[in-house]
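Data from final_5.cif: mmCIF, C-alpha atoms and all ligand atoms
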data_model
#
loop_
_atom_site.label_atom_id
_atom_site.label_comp_id
_atom_site.auth_asym_id
_atom_site.auth_seq_id
_atom_site.Cartn_x
_atom_site.Cartn_y
_atom_site.Cartn_z
CA MET A 1 11.04 -20.45 -11.95
CA ASP A 2 10.31 -19.39 -15.50
CA PHE A 3 10.35 -15.62 -15.94
CA SER A 4 9.48 -15.60 -19.63
CA LEU A 5 6.58 -13.25 -20.23
CA SER A 6 3.06 -14.48 -20.82
CA PRO A 7 1.62 -13.37 -24.21
CA ARG A 8 -0.66 -10.79 -22.57
CA SER A 9 2.13 -9.41 -20.38
CA GLN A 10 4.33 -9.11 -23.49
CA ASP A 11 1.50 -7.35 -25.32
CA TYR A 12 0.96 -4.88 -22.46
CA LEU A 13 4.72 -4.36 -22.17
CA ASN A 14 5.04 -3.51 -25.87
CA ARG A 15 2.16 -1.04 -25.64
CA VAL A 16 3.23 0.58 -22.35
CA THR A 17 6.81 0.94 -23.61
CA ALA A 18 5.62 2.52 -26.86
CA PHE A 19 3.22 4.84 -25.03
CA ILE A 20 5.97 6.08 -22.70
CA LYS A 21 8.42 6.53 -25.59
CA ASP A 22 5.99 8.25 -27.97
CA GLU A 23 3.63 10.15 -25.68
CA ILE A 24 5.19 10.69 -22.25
CA SER A 25 8.97 11.03 -22.58
CA PRO A 26 8.81 13.76 -25.27
CA ILE A 27 6.67 16.04 -23.05
CA GLU A 28 8.07 15.26 -19.59
CA ASP A 29 10.73 18.01 -19.46
CA ASP A 30 8.31 20.65 -20.71
CA TYR A 31 5.66 19.40 -18.31
CA PHE A 32 7.86 20.06 -15.28
CA LYS A 33 9.06 23.41 -16.63
CA THR A 34 5.48 24.55 -17.25
CA LEU A 35 4.34 23.31 -13.85
CA LYS A 36 7.17 25.06 -12.00
CA ALA A 37 6.40 28.28 -13.90
CA GLN A 38 2.81 28.34 -12.63
CA LYS A 39 1.95 30.87 -9.97
CA ASN A 40 0.05 28.04 -8.29
CA PRO A 41 1.75 24.73 -9.16
CA TRP A 42 -0.82 22.66 -7.19
CA VAL A 43 -2.80 22.08 -10.36
CA VAL A 44 -3.40 19.33 -12.90
CA LEU A 45 -2.10 20.55 -16.24
CA PRO A 46 -4.35 19.67 -19.21
CA ILE A 47 -1.65 17.43 -20.75
CA ILE A 48 -1.98 15.04 -17.79
CA GLU A 49 -5.72 14.56 -18.29
CA GLU A 50 -5.20 14.25 -22.06
CA LEU A 51 -2.62 11.51 -21.63
CA LYS A 52 -4.72 9.73 -18.98
CA ALA A 53 -7.66 9.68 -21.38
CA LYS A 54 -5.46 8.32 -24.19
CA ALA A 55 -3.98 5.60 -21.99
CA LYS A 56 -7.44 4.63 -20.73
CA ALA A 57 -8.82 4.48 -24.29
CA GLN A 58 -6.00 2.08 -25.20
CA GLY A 59 -6.77 -0.18 -22.22
CA LEU A 60 -3.53 0.82 -20.48
CA TRP A 61 -5.30 1.55 -17.22
CA ASN A 62 -5.23 0.14 -13.66
CA LEU A 63 -2.56 -2.32 -14.80
CA PHE A 64 -1.43 -2.83 -11.18
CA MET A 65 -4.82 -4.20 -10.15
CA PRO A 66 -4.70 -8.00 -9.95
CA ILE A 67 -8.38 -8.45 -9.15
CA ASP A 68 -11.05 -8.85 -11.78
CA PRO A 69 -13.16 -6.83 -12.68
CA TYR A 70 -11.34 -3.82 -11.22
CA GLY A 71 -8.30 -3.75 -13.49
CA ALA A 72 -6.03 -5.62 -15.87
CA SER A 73 -5.90 -8.63 -13.49
CA LEU A 74 -2.25 -9.29 -14.18
CA SER A 75 -0.21 -11.36 -11.73
CA ASN A 76 2.69 -9.63 -9.96
CA GLU A 77 5.09 -11.44 -12.30
CA GLU A 78 3.18 -10.13 -15.31
CA TYR A 79 2.95 -6.58 -13.95
CA ALA A 80 6.64 -6.30 -12.93
CA PRO A 81 8.06 -5.45 -16.39
CA LEU A 82 5.30 -2.88 -16.96
CA ALA A 83 6.02 -1.18 -13.63
CA GLU A 84 9.71 -1.18 -14.52
CA GLN A 85 8.94 0.78 -17.68
CA MET A 86 6.75 3.20 -15.71
CA GLY A 87 9.65 3.77 -13.30
CA ARG A 88 11.65 5.31 -16.15
CA SER A 89 9.33 8.32 -16.01
CA PHE A 90 8.19 10.53 -13.12
CA ILE A 91 4.67 10.96 -14.48
CA ALA A 92 3.95 7.63 -16.20
CA PRO A 93 2.56 5.90 -13.07
CA GLU A 94 -0.19 8.53 -12.81
CA ILE A 95 -0.94 8.42 -16.55
CA PHE A 96 -1.72 4.68 -16.27
CA ASN A 97 -3.53 5.15 -12.90
CA CYS A 98 -0.82 3.05 -11.26
CA ASN A 99 0.64 5.57 -8.81
CA ALA A 100 1.17 5.34 -5.06
CA PRO A 101 -0.55 5.90 -2.71
CA ASP A 102 -3.77 5.48 -4.73
CA THR A 103 -2.90 1.93 -5.78
CA GLY A 104 -2.48 0.75 -2.19
CA ASN A 105 -5.58 2.62 -1.06
CA MET A 106 -7.68 1.02 -3.80
CA GLU A 107 -6.40 -2.41 -2.81
CA VAL A 108 -7.33 -1.74 0.82
CA LEU A 109 -10.88 -0.82 -0.21
CA ILE A 110 -11.22 -3.94 -2.34
CA HIS A 111 -9.79 -6.31 0.28
CA TYR A 112 -11.21 -4.81 3.47
CA GLY A 113 -13.88 -2.22 2.53
CA SER A 114 -17.62 -2.66 3.11
CA ASP A 115 -19.97 -2.48 0.11
CA GLU A 116 -20.93 1.05 1.18
CA GLN A 117 -17.27 2.15 1.43
CA LYS A 118 -16.46 0.63 -1.93
CA GLN A 119 -19.43 2.33 -3.53
CA GLN A 120 -18.49 5.68 -2.04
CA TRP A 121 -14.84 5.73 -3.11
CA LEU A 122 -13.78 3.01 -5.52
CA PRO A 123 -15.39 4.00 -8.83
CA ARG A 124 -13.89 7.50 -8.76
CA LEU A 125 -10.46 6.22 -7.70
CA LEU A 126 -10.49 3.52 -10.36
CA SER A 127 -11.51 6.02 -13.01
CA GLY A 128 -8.73 8.42 -11.96
CA GLU A 129 -11.23 11.20 -11.25
CA ILE A 130 -10.04 11.64 -7.66
CA ARG A 131 -6.81 11.01 -5.76
CA SER A 132 -6.20 9.91 -2.17
CA ALA A 133 -3.66 10.02 0.65
CA PHE A 134 -2.51 7.59 3.32
CA CYS A 135 -1.97 9.14 6.75
CA MET A 136 -0.06 6.85 9.06
CA THR A 137 3.29 8.50 9.89
CA GLU A 138 3.33 11.02 12.76
CA PRO A 139 5.80 13.79 13.62
CA ASP A 140 5.88 12.95 17.32
CA VAL A 141 6.54 9.20 17.33
CA ALA A 142 9.01 6.85 15.61
CA SER A 143 6.66 5.76 12.89
CA SER A 144 8.78 2.96 11.47
CA ASP A 145 7.06 0.97 14.23
CA ALA A 146 3.39 1.10 13.17
CA THR A 147 2.22 0.12 16.65
CA ASN A 148 3.59 3.47 17.95
CA MET A 149 0.90 5.61 16.26
CA ALA A 150 -0.58 7.93 18.89
CA ALA A 151 -3.21 9.93 16.95
CA THR A 152 -6.60 8.67 18.04
CA ALA A 153 -9.69 7.19 16.40
CA ILE A 154 -12.13 6.79 19.28
CA VAL A 155 -15.54 5.17 18.89
CA GLU A 156 -18.31 7.22 20.55
CA GLY A 157 -21.74 5.68 20.03
CA ASP A 158 -22.42 5.64 16.29
CA GLU A 159 -19.47 7.88 15.53
CA VAL A 160 -15.70 7.71 15.35
CA VAL A 161 -13.82 10.81 16.53
CA ILE A 162 -10.37 11.52 15.15
CA ASN A 163 -7.61 13.64 16.69
CA GLY A 164 -3.88 14.01 16.11
CA SER A 165 -1.16 15.03 13.75
CA LYS A 166 0.22 13.20 10.69
CA TRP A 167 3.00 14.03 8.28
CA TRP A 168 4.63 12.86 5.08
CA SER A 169 1.12 12.33 3.77
CA THR A 170 1.95 11.91 0.08
CA GLY A 171 -0.62 13.22 -2.39
CA ILE A 172 -2.48 15.38 0.12
CA GLY A 173 -1.63 18.52 -1.87
CA HIS A 174 -3.15 17.24 -5.11
CA PRO A 175 -6.15 19.34 -6.13
CA ASN A 176 -8.15 16.14 -6.79
CA CYS A 177 -7.27 14.49 -3.46
CA GLU A 178 -10.62 13.83 -1.80
CA MET A 179 -10.07 10.81 0.41
CA ILE A 180 -7.69 10.00 3.25
CA ILE A 181 -7.03 6.66 4.91
CA PHE A 182 -6.17 7.59 8.49
CA MET A 183 -4.60 5.22 11.03
CA GLY A 184 -5.39 5.96 14.66
CA LEU A 185 -5.25 4.47 18.15
CA THR A 186 -8.65 3.13 19.20
CA ASP A 187 -8.03 0.92 22.22
CA PRO A 188 -4.67 1.15 24.06
CA THR A 189 -5.70 -1.73 26.33
CA ALA A 190 -6.11 -4.22 23.47
CA PRO A 191 -3.26 -6.55 22.41
CA ARG A 192 -0.49 -4.46 20.74
CA HIS A 193 -1.41 -5.36 17.17
CA GLN A 194 -5.15 -4.79 17.65
CA GLN A 195 -5.12 -1.28 19.13
CA HIS A 196 -5.37 0.73 15.92
CA SER A 197 -8.06 1.35 13.30
CA MET A 198 -8.07 2.63 9.75
CA VAL A 199 -10.70 5.24 8.96
CA LEU A 200 -11.87 6.63 5.62
CA VAL A 201 -11.87 10.41 5.97
CA PRO A 202 -13.23 12.78 3.31
CA LYS A 203 -10.48 15.38 2.95
CA ASN A 204 -12.99 18.22 3.20
CA SER A 205 -14.26 17.02 6.62
CA LYS A 206 -14.55 19.67 9.34
CA GLY A 207 -11.37 19.54 11.48
CA VAL A 208 -8.97 18.34 8.74
CA LYS A 209 -6.28 20.93 8.06
CA ILE A 210 -3.10 20.85 5.97
CA GLU A 211 -0.68 22.67 8.26
CA ARG A 212 2.16 22.80 5.70
CA MET A 213 3.68 21.03 2.76
CA LEU A 214 7.08 19.42 3.40
CA THR A 215 10.01 19.59 1.02
CA VAL A 216 12.30 16.77 -0.11
CA PHE A 217 15.77 18.27 -0.72
CA GLY A 218 14.01 21.61 -1.18
CA GLU A 219 11.39 20.33 -3.66
CA LEU A 220 7.67 20.28 -2.92
CA ASP A 221 6.88 17.50 -5.44
CA GLU A 222 3.85 19.37 -6.74
CA PRO A 223 1.10 18.72 -7.52
CA PHE A 224 1.06 15.66 -5.19
CA GLY A 225 3.34 16.82 -2.38
CA HIS A 226 3.81 15.53 1.12
CA GLY A 227 1.86 17.28 3.84
CA GLU A 228 1.66 17.70 7.57
CA VAL A 229 -2.01 17.35 8.43
CA SER A 230 -3.84 18.02 11.67
CA PHE A 231 -7.08 16.27 12.61
CA THR A 232 -9.10 18.07 15.29
CA ASN A 233 -12.29 16.45 16.57
CA VAL A 234 -13.12 15.08 13.13
CA ARG A 235 -16.46 13.27 13.57
CA LEU A 236 -17.53 10.59 11.12
CA PRO A 237 -20.09 7.79 11.17
CA LYS A 238 -18.64 4.61 12.69
CA SER A 239 -19.20 2.98 9.31
CA ALA A 240 -16.16 4.94 8.07
CA ILE A 241 -13.88 2.50 9.96
CA ILE A 242 -12.40 -0.03 7.57
CA ALA A 243 -13.20 -3.64 8.53
CA GLY A 244 -14.13 -2.57 12.08
CA PRO A 245 -12.11 -1.21 15.04
CA GLY A 246 -8.72 -2.77 15.84
CA ARG A 247 -7.86 -3.97 12.33
CA GLY A 248 -5.49 -1.07 11.49
CA PHE A 249 -2.18 -2.85 11.93
CA GLU A 250 -3.33 -5.86 9.95
CA ILE A 251 -4.53 -3.62 7.10
CA ALA A 252 -1.27 -1.60 7.16
CA GLN A 253 0.74 -4.80 6.74
CA GLY A 254 -1.50 -6.05 3.93
CA ARG A 255 -1.43 -2.68 2.20
CA LEU A 256 2.30 -2.29 2.16
CA GLY A 257 3.18 -5.74 0.74
CA PRO A 258 2.16 -5.17 -2.91
CA GLY A 259 3.07 -1.45 -2.65
CA ARG A 260 6.64 -2.26 -1.69
CA ILE A 261 7.14 -4.59 -4.58
CA HIS A 262 5.60 -2.06 -7.01
CA HIS A 263 8.09 0.55 -5.73
CA SER A 264 10.95 -1.89 -6.30
CA MET A 265 9.82 -2.69 -9.84
CA ARG A 266 9.66 1.01 -10.72
CA THR A 267 13.02 1.59 -9.04
CA ILE A 268 14.71 -0.91 -11.38
CA GLY A 269 13.36 1.13 -14.32
CA ALA A 270 14.70 4.32 -12.75
CA ALA A 271 18.11 2.63 -12.30
CA GLU A 272 18.12 1.67 -16.00
CA ARG A 273 17.38 5.28 -16.89
CA ALA A 274 20.22 6.52 -14.65
CA LEU A 275 22.67 4.05 -16.20
CA GLU A 276 21.58 5.08 -19.69
CA LEU A 277 22.23 8.75 -18.84
CA LEU A 278 25.59 7.85 -17.32
CA ILE A 279 26.73 5.95 -20.42
CA LYS A 280 25.45 8.54 -22.91
CA ARG A 281 27.25 11.34 -21.08
CA GLY A 282 30.43 9.28 -20.80
CA LEU A 283 30.39 8.59 -24.52
CA SER A 284 29.56 12.14 -25.54
CA ARG A 285 32.39 14.11 -23.86
CA GLU A 286 36.16 13.84 -23.91
CA ALA A 287 38.89 14.79 -21.47
CA PHE A 288 42.59 13.98 -21.33
CA GLY A 289 42.44 12.65 -24.88
CA ASP A 290 39.70 10.06 -24.39
CA LYS A 291 35.97 9.70 -23.86
CA LEU A 292 34.99 10.16 -20.21
CA ILE A 293 33.63 6.62 -20.09
CA ASN A 294 37.11 5.23 -20.81
CA LEU A 295 38.83 7.20 -18.05
CA GLY A 296 39.77 5.92 -14.61
CA GLY A 297 37.36 3.32 -13.26
CA ASN A 298 34.35 4.44 -15.30
CA ARG A 299 34.01 1.24 -17.32
CA ALA A 300 34.07 -0.76 -14.09
CA ILE A 301 31.29 1.50 -12.79
CA VAL A 302 29.20 0.61 -15.86
CA ALA A 303 29.86 -3.09 -15.37
CA ASP A 304 29.03 -2.97 -11.65
CA ALA A 305 25.81 -1.07 -12.38
CA ARG A 306 24.74 -3.63 -14.99
CA MET A 307 25.45 -6.51 -12.55
CA ALA A 308 23.57 -4.77 -9.74
CA ILE A 309 20.51 -4.08 -11.91
CA GLU A 310 20.38 -7.64 -13.23
CA GLN A 311 20.58 -9.05 -9.69
CA ALA A 312 17.90 -6.67 -8.45
CA ARG A 313 15.59 -7.48 -11.35
CA LEU A 314 15.94 -11.22 -10.76
CA LEU A 315 15.23 -10.78 -7.05
CA THR A 316 12.20 -8.61 -7.86
CA MET A 317 10.91 -11.31 -10.20
CA LYS A 318 11.51 -13.97 -7.55
CA ALA A 319 9.58 -11.89 -4.99
CA ALA A 320 6.74 -11.40 -7.51
CA TRP A 321 6.75 -15.12 -8.38
CA THR A 322 6.66 -16.07 -4.67
CA ILE A 323 3.70 -13.74 -3.97
CA ASP A 324 1.83 -15.12 -6.98
CA LYS A 325 2.51 -18.77 -6.14
CA HIS A 326 2.50 -18.78 -2.33
CA GLY A 327 0.98 -15.50 -1.11
CA ILE A 328 2.41 -12.37 0.48
CA LYS A 329 3.34 -14.08 3.79
CA ALA A 330 5.63 -16.54 2.04
CA ALA A 331 7.32 -13.65 0.20
CA MET A 332 7.99 -11.45 3.24
CA SER A 333 11.76 -11.87 3.24
CA GLU A 334 12.11 -11.41 -0.54
CA VAL A 335 9.88 -8.31 -0.52
CA SER A 336 11.96 -6.75 2.26
CA GLN A 337 15.20 -7.77 0.53
CA ILE A 338 14.25 -6.05 -2.71
CA LYS A 339 12.81 -3.05 -0.82
CA VAL A 340 16.33 -2.51 0.59
CA ILE A 341 18.32 -3.43 -2.51
CA ALA A 342 16.47 -1.56 -5.28
CA PRO A 343 16.60 1.99 -3.81
CA ASN A 344 20.22 1.46 -2.72
CA ILE A 345 21.39 0.43 -6.19
CA LEU A 346 19.43 3.31 -7.68
CA GLN A 347 21.07 5.71 -5.25
CA THR A 348 24.56 4.41 -6.10
CA ILE A 349 24.03 4.49 -9.86
CA VAL A 350 22.46 7.97 -9.80
CA ASP A 351 25.30 9.23 -7.67
CA GLN A 352 27.79 7.90 -10.23
CA ALA A 353 25.71 9.33 -13.08
CA ILE A 354 25.77 12.75 -11.39
CA GLN A 355 29.54 12.46 -11.04
CA ILE A 356 30.19 11.71 -14.71
CA HIS A 357 27.92 14.63 -15.68
CA GLY A 358 30.13 16.99 -13.69
CA GLY A 359 28.36 20.18 -12.60
CA ALA A 360 25.53 19.55 -15.06
CA GLY A 361 24.51 16.51 -13.01
CA LEU A 362 23.38 18.71 -10.17
CA SER A 363 21.36 21.04 -12.39
CA ASP A 364 17.77 20.76 -13.55
CA ASP A 365 19.02 20.17 -17.12
CA PHE A 366 19.05 16.47 -16.30
CA PRO A 367 16.59 14.43 -14.18
CA LEU A 368 19.40 13.13 -11.95
CA THR A 369 18.70 15.13 -8.81
CA MET A 370 15.04 14.06 -9.01
CA LEU A 371 16.14 10.45 -9.41
CA PHE A 372 18.49 10.84 -6.45
CA ALA A 373 15.67 12.28 -4.31
CA THR A 374 13.48 9.33 -5.35
CA ALA A 375 16.11 6.81 -4.32
CA ARG A 376 16.85 8.53 -1.03
CA SER A 377 13.15 8.88 -0.20
CA LEU A 378 12.47 5.23 -0.93
CA ARG A 379 15.09 4.23 1.61
CA LEU A 380 12.69 5.67 4.21
CA ALA A 381 9.18 5.53 2.75
CA ASP A 382 7.29 2.27 3.34
CA GLY A 383 9.78 1.39 6.06
CA PRO A 384 13.45 2.38 6.47
CA ASP A 385 16.18 0.00 5.26
CA GLU A 386 16.98 -0.99 8.85
CA VAL A 387 13.44 -2.15 9.60
CA HIS A 388 13.49 -4.38 6.53
CA ARG A 389 16.92 -5.71 7.47
CA ALA A 390 15.58 -6.49 10.95
CA LEU A 391 12.73 -8.50 9.42
CA ILE A 392 15.03 -10.37 7.02
CA ALA A 393 17.36 -11.27 9.91
CA LYS A 394 14.43 -12.34 12.09
CA LEU A 395 13.13 -14.69 9.39
CA GLU A 396 16.64 -15.99 8.76
CA LEU A 397 17.31 -16.70 12.44
CA LYS A 398 13.94 -18.38 12.80
CA LYS A 399 15.30 -21.21 10.68
CA TYR A 400 17.73 -21.97 13.52
CA ALA A 401 15.18 -21.89 16.35
CA LYS A 402 14.68 -25.25 18.01
C1 LIG B 501 9.05 11.03 0.46
C2 LIG B 501 8.33 10.31 1.55
C3 LIG B 501 7.00 9.94 1.36
C4 LIG B 501 6.28 9.32 2.39
N1 LIG B 501 4.95 9.03 2.21
C5 LIG B 501 4.23 8.58 3.24
C6 LIG B 501 2.80 8.45 3.16
O1 LIG B 501 2.20 8.68 2.10
N2 LIG B 501 2.10 8.09 4.25
C7 LIG B 501 2.72 7.83 5.44
O2 LIG B 501 2.03 7.50 6.40
N3 LIG B 501 4.07 7.93 5.56
C8 LIG B 501 4.84 8.30 4.51
N4 LIG B 501 6.20 8.47 4.64
C9 LIG B 501 6.81 8.26 5.93
C10 LIG B 501 7.72 7.06 6.05
O3 LIG B 501 6.99 5.87 5.89
C11 LIG B 501 8.43 7.17 7.40
O4 LIG B 501 9.32 8.30 7.31
C12 LIG B 501 9.18 5.93 7.76
O5 LIG B 501 8.31 4.86 8.04
C13 LIG B 501 10.07 6.14 9.01
O6 LIG B 501 9.35 6.70 10.06
P1 LIG B 501 9.95 7.98 10.81
O7 LIG B 501 10.21 9.03 9.80
O8 LIG B 501 9.08 8.31 11.95
O9 LIG B 501 11.38 7.51 11.32
P2 LIG B 501 11.70 6.80 12.71
O10 LIG B 501 10.72 5.73 12.99
O11 LIG B 501 11.91 7.84 13.73
O12 LIG B 501 13.08 6.09 12.36
C14 LIG B 501 14.25 6.88 12.13
C15 LIG B 501 15.42 5.99 11.90
O13 LIG B 501 15.64 5.14 13.03
C16 LIG B 501 16.33 3.99 12.60
N5 LIG B 501 15.59 2.78 12.95
C17 LIG B 501 14.26 2.61 13.10
N6 LIG B 501 13.97 1.32 13.34
C18 LIG B 501 15.14 0.65 13.36
C19 LIG B 501 15.51 -0.72 13.55
N7 LIG B 501 14.59 -1.66 13.77
N8 LIG B 501 16.82 -1.04 13.49
C20 LIG B 501 17.78 -0.09 13.26
N9 LIG B 501 17.50 1.22 13.10
C21 LIG B 501 16.20 1.58 13.12
C22 LIG B 501 16.46 4.08 11.08
O14 LIG B 501 17.69 4.62 10.70
C23 LIG B 501 15.31 5.03 10.73
O15 LIG B 501 15.48 5.66 9.47
C24 LIG B 501 6.94 9.04 3.61
C25 LIG B 501 8.29 9.39 3.79
C26 LIG B 501 8.98 10.02 2.78
C27 LIG B 501 10.41 10.41 3.02
#
Would you write out, as structure tokens, the structure that this file holds?
Ligand SMILES: Cc1cc2nc3c(=O)[nH]c(=O)nc-3n(C[C@H](O)[C@H](O)[C@H](O)COP(=O)(O)OP(=O)(O)OC[C@H]3O[C@@H](n4cnc5c(N)ncnc54)[C@H](O)[C@@H]3O)c2cc1C
Amino acid sequence: MDFSLSPRSQDYLNRVTAFIKDEISPIEDDYFKTLKAQKNPWVVLPIIEELKAKAKAQGLWNLFMPIDPYGASLSNEEYAPLAEQMGRSFIAPEIFNCNAPDTGNMEVLIHYGSDEQKQQWLPRLLSGEIRSAFCMTEPDVASSDATNMAATAIVEGDEVVINGSKWWSTGIGHPNCEMIIFMGLTDPTAPRHQQHSMVLVPKNSKGVKIERMLTVFGELDEPFGHGEVSFTNVRLPKSAIIAGPGRGFEIAQGRLGPGRIHHSMRTIGAAERALELLIKRGLSREAFGDKLINLGGNRAIVADARMAIEQARLLTMKAAWTIDKHGIKAAMSEVSQIKVIAPNILQTIVDQAIQIHGGAGLSDDFPLTMLFATARSLRLADGPDEVHRALIAKLELKKYAK
């Protein structure tokens, strides 16, 4: 495996890094302060559209998209260092149109959508004009098992009728969110992995209602947010089903593969940012006659963090390399491994960074609580740690089956 960057990946990396340093990082603190001060924070502040337009004009747009002509057509290996840089900022992914869940939803449309579905939704998602949500998880069933979903998508003649309740629908609160990918039970008598369908639902359809927005550690994550959404007798043409009835589970699996590795790449960047904050604070304050970084086991903490990040980055690159060379199926274990490891190392390093900041670490003066919430959320979103461990163990034990 040779992880040296291709010339075009290096070029994109230089430009993305410079854009984040010069355009995004200087305004990020103010952006969140201004947003929180709004009477209605479920808005897109002008600075976001300005930066999106700038990034687009510089060709720093849809960098996640491996398929020509829809985006930069970088391989996963080429995209990984760019995503890492984006992970250093909370808003950079959106500025480059590389944010979840839109990225995964666009990939679903490209891989599984009909020409009509692509025409209806793709151009406006690719241009960043609209946003979307992915509604799979339900309040009433253990949703880490995707075959448990109980909300329904029943075919009646030329229509599909949707009923049920979803939650943790990220992005549903965004004022530009217009499209939902909904997963529902279509045929409970079919084989377990062919019972569900994915349906493209316009958010303004009759019967779609945001019941409430959920908080993560007390934060609403505006303007994207995570909602609980009810679907009551939502009627759509049958052509809104993606790839036909019964393909929901298959699409969910395909959708989450690249998404999980993108999350991991960004998480490594977030871990680098946390370590940087930890070191800078440790060097900038003194107690008991020495810099904080030199006290107790703090230098060992720095060393352990560096070792953990390097290991995680190498594993992320290996997972990206395996997907590129041998496809997502061959990379299943590595993708799950890094999906467990990256958020856990981020959580540990942020926790230590909070500690060395003392009380300040828990305040909004530093981005540490937001980074902690990100790490903790990612240990659940796109599959809890335990589900990934179960898959890794299953694949490992398979090697010993007769
Ligand atoms: C911030 C955030 C954003 C999210 N965004 C979205 C989104 O956009 N769209 C969407 O559909 N969902 C989203 N989710 C939901 C997320 O994917 C689910 O929370 C997750 O899949 C777990 O489902 P659950 O909450 O029903 O937990 P459950 O399935 O009830 O599982 C609870 C716990 O049971 C244990 N467990 C489960 N399986 C096993 C096992 N095999 N072995 C050992 N223990 C196990 C684990 O400890 C697990 O955490 C988001 C979640 C969060 C926190």
Show me which residues are within 8 Å of ligand LIG 501 (chain B) counting all atoms listed in the file, and format the list as a ChimeraX atom specification. /A:100-101,133-145,166-171,216,226,374,376-390
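Across A:Leu236, A:Val199, A:Gly269, A:Ala320, the tightest approach to Tyr112 (chain A) is made by A:Val199 when counting only C-alpha atoms.
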Select, counting all atoms listed in the file, all protein, DNA and RNA residues no farther than 10 Å from (-12.0, 17.1, 1.0) in file coordinates, and express the selection as a ChimeraX atom specification. /A:132,172,175-180,201-206,208-209
Residues proximal to (12.8, -12.5, 7.7) were defined as those with any atom within 7 Å of that point in the file's coordinates, counting only C-alpha atoms. Which are they, as a PyMOL selection string? chain A and resi 332-333+391-396
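Candidate residues A:Arg8, A:Leu125, A:Thr369, A:Asp187 were compared for distance to Ser73 (chain A), and the nearest is A:Arg8, using only C-alpha atoms.
For the choices A:Thr17, A:Thr348, A:Ile95, A:Ile341, the atom-to-atom distance to Ala57 (chain A) is smallest for A:Ile95 when using only C-alpha atoms.
Straight-line separation from CA of Val155 (chain A) to CA of Thr186 (chain A): 7.2 Å.
Nearest residue to Ser89 (chain A), choosing from A:Pro188, A:Pro343, A:Gly248, A:Pro367 and counting all atoms listed in the file: A:Pro367.
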Can you spit out region 48-61 of chain A with N, CA and C atoms, as a PDB file, in the first residue's frame, from the structure just given?
ATOM      1  N   ILE A  48     -22.767  31.819   5.221  1.00  0.00           N
ATOM      2  CA  ILE A  48     -22.697  30.425   4.742  1.00  0.00           C
ATOM      3  C   ILE A  48     -22.844  30.389   3.222  1.00  0.00           C
ATOM      4  N   GLU A  49     -23.845  31.104   2.704  1.00  0.00           N
ATOM      5  CA  GLU A  49     -24.040  31.102   1.245  1.00  0.00           C
ATOM      6  C   GLU A  49     -22.862  31.772   0.545  1.00  0.00           C
ATOM      7  N   GLU A  50     -22.319  32.821   1.180  1.00  0.00           N
ATOM      8  CA  GLU A  50     -21.145  33.502   0.585  1.00  0.00           C
ATOM      9  C   GLU A  50     -19.976  32.537   0.464  1.00  0.00           C
ATOM     10  N   LEU A  51     -19.707  31.820   1.548  1.00  0.00           N
ATOM     11  CA  LEU A  51     -18.561  30.898   1.533  1.00  0.00           C
ATOM     12  C   LEU A  51     -18.808  29.732   0.582  1.00  0.00           C
ATOM     13  N   LYS A  52     -20.053  29.255   0.520  1.00  0.00           N
ATOM     14  CA  LYS A  52     -20.376  28.164  -0.420  1.00  0.00           C
ATOM     15  C   LYS A  52     -20.080  28.621  -1.853  1.00  0.00           C
ATOM     16  N   ALA A  53     -20.517  29.840  -2.161  1.00  0.00           N
ATOM     17  CA  ALA A  53     -20.312  30.357  -3.520  1.00  0.00           C
ATOM     18  C   ALA A  53     -18.817  30.484  -3.836  1.00  0.00           C
ATOM     19  N   LYS A  54     -18.046  30.926  -2.846  1.00  0.00           N
ATOM     20  CA  LYS A  54     -16.592  31.071  -3.035  1.00  0.00           C
ATOM     21  C   LYS A  54     -15.941  29.705  -3.271  1.00  0.00           C
ATOM     22  N   ALA A  55     -16.326  28.741  -2.428  1.00  0.00           N
ATOM     23  CA  ALA A  55     -15.738  27.397  -2.556  1.00  0.00           C
ATOM     24  C   ALA A  55     -16.088  26.805  -3.918  1.00  0.00           C
ATOM     25  N   LYS A  56     -17.341  26.991  -4.309  1.00  0.00           N
ATOM     26  CA  LYS A  56     -17.804  26.444  -5.604  1.00  0.00           C
ATOM     27  C   LYS A  56     -17.009  27.090  -6.748  1.00  0.00           C
ATOM     28  N   ALA A  57     -16.832  28.410  -6.675  1.00  0.00           N
ATOM     29  CA  ALA A  57     -16.117  29.130  -7.739  1.00  0.00           C
ATOM     30  C   ALA A  57     -14.672  28.645  -7.852  1.00  0.00           C
ATOM     31  N   GLN A  58     -14.126  28.158  -6.733  1.00  0.00           N
ATOM     32  CA  GLN A  58     -12.739  27.670  -6.760  1.00  0.00           C
ATOM     33  C   GLN A  58     -12.657  26.172  -7.072  1.00  0.00           C
ATOM     34  N   GLY A  59     -13.807  25.578  -7.408  1.00  0.00           N
ATOM     35  CA  GLY A  59     -13.814  24.143  -7.742  1.00  0.00           C
ATOM     36  C   GLY A  59     -13.706  23.248  -6.523  1.00  0.00           C
ATOM     37  N   LEU A  60     -13.901  23.817  -5.336  1.00  0.00           N
ATOM     38  CA  LEU A  60     -13.831  23.012  -4.101  1.00  0.00           C
ATOM     39  C   LEU A  60     -15.248  22.599  -3.717  1.00  0.00           C
ATOM     40  N   TRP A  61     -15.832  21.733  -4.502  1.00  0.00           N
ATOM     41  CA  TRP A  61     -17.270  21.469  -4.416  1.00  0.00           C
ATOM     42  C   TRP A  61     -17.530  19.995  -4.709  1.00  0.00           C
TER      43      TRP A  61
END
